[in-house]
Amino acid sequence: MPLHIRHLSKSYHRIPVFQNVSLTLEDGGVYCLMAPSGCGKTTLLRILMGLEAPDAGSVEGLKNRQISAVFQEDRLCPHLNAAGNIRLVNPACSDAELTQELLTLLPADSLTRPVSSFSGGMRRRVSLLRAMLAKGEILLFDEPFNGLDEQNRQDAINYVRKKRNNRTLLFTTHHMEEARALKASCFGWDKNALSWHSL
C-alpha cells in the first residue's frame with residue numbers, strides 16, 4: 001500500500017517549517033529527504049510516526065502498519081548491553097541469531113558491555129540494528145549513518161541493503177553518496193515553496 005502525504009503543513013509559533021508538502025512513497029521503495037538543517041525533515045518524520053500533529057493536510061497508508069525508527073538521538077537504555085536494547089523491540093530473537101546480527105556491525109568484545117561505555121558511532125550502530133531487527137513494515141530513519149567513519153558507514157549501508165527485505169524506507173541525510181548507495185529516490189528542498197520536490 002503506498003504512503004500518501006497530502007498537502008501537509010507545519011508551523012511553530014506561527015513560523016512555517018514546511019507548507020503544502022505532497023509526497024507519495026510506493027510500497028517497498030527507498031526514499032530520502034535532502035535539505036539543510038532546520039527545514040523540517042525531522043518534523044516530517046515525527047508526524048509520520050504519530051509523535052506530532054500537522055497543522056493541515058493528511059497522511060494515508062499508515063493505518064495498522066508498524067513503524068521502525070532511528071531517531072537523531074540514539075534513545076538507548078544505557079545500562080543494557082546491545083542485545084538487551086534490541087530485545088526491547090524483538091524479544092523473540094534467538095541468542096544465536098542476535099549475536100550473528102550484532103557481529104556484523106560491532107566488535108565481539110563489545111557485546112557484554114553496557115552501551116553507556118560505547119563510543120557515539122557504536123551507539124549509532126546499535127540504534128540502527130535495533131530498528132532493522134524490529135518488525136516494522138515501514139522504516140523511518142533520521143540521519144541513520146551520522147557520526148560513522150567511512151568503513152563503518154559503508155558496513156551499515158550494506159547491512160540496511162541486505163536486511164531491508166523490501167520494506168519501505170524513508171531516511172534523511174546530508175550526503176548524496178548515502179542516497180546513491182541505497183539507490184534512493186530523493187526529494188530536495190525548495191526554499192521558496194518551503195517544500196520538497198523530486199530530484
# chains A, B, ... in the order shown; residues from 1 in each chain; ligands from 1
call {"tool": "closest_atom_pairs", "arguments": {"of": "stretch 5-52 of chain A", "to": "stretch 158-166 of chain A", "cutoff": "10 Å", "atoms": "only C-alpha atoms", "output": "tab-separated table"}}
result
residue	atom	partner	partner_atom	distance
A:Asp27	CA	A:Asn166	CA	8.2
A:Gly28	CA	A:Asn166	CA	4.7
A:Gly29	CA	A:Asn166	CA	7.3
A:Val30	CA	A:Asn166	CA	8.8
call {"tool": "select_by_dssp", "arguments": {"residues": "stretch 146-188 of chain A", "states": "alpha helix (DSSP H)", "output": "ChimeraX atom specification"}}
result
/A:150-163,176-181
call {"tool": "closest_residue", "arguments": {"among": "A:Leu140, A:Cys39, A:Leu194, A:Ile157", "to": "A:Gln66", "atoms": "only C-alpha atoms"}}
result
A:Leu140
call {"tool": "residues_around", "arguments": {"residues": "stretch 48-54 of chain A", "least_positions_apart": "5", "cutoff": "9 Å", "atoms": "only C-alpha atoms", "output": "list in words"}}
result
Ile5, Leu8, Ser9, Lys10, Ser11, Thr43, Val59, Leu62, Ile67, Ala69 and Leu140 of chain A
call {"tool": "select_by_dssp", "arguments": {"residues": "chain A", "states": "strand (DSSP E)", "output": "JSON, numbers by chain"}}
result
{"A": [3, 4, 5, 6, 7, 8, 9, 10, 11, 12, 15, 16, 17, 18, 19, 20, 21, 22, 23, 24, 25, 30, 31, 32, 33, 34, 56, 57, 58, 59, 60, 67, 68, 69, 70, 138, 139, 140, 141, 142, 168, 169, 170, 171, 172, 185, 186, 187, 188, 189, 190, 195, 196, 197, 198]}
call {"tool": "atom_distance", "arguments": {"atom1": "atom CA of A:Gly188", "atom2": "atom CA of A:Met34"}}
result
5.1 Å
call {"tool": "closest_residue", "arguments": {"among": "A:His197, A:Ser119, A:Leu169, A:Trp189", "to": "A:Cys32", "atoms": "only C-alpha atoms"}}
result
A:Leu169
call {"tool": "residues_around", "arguments": {"residues": "stretch 128-132 of chain A", "least_positions_apart": "3", "cutoff": "9 Å", "atoms": "only C-alpha atoms", "output": "VMD selection string"}}
result
chain A and resid 67 to 70 74 82 to 83 85 to 90 101 to 102 105 123 to 125 135 to 136 139 to 141 144 to 145 156 159 to 160 163 to 164
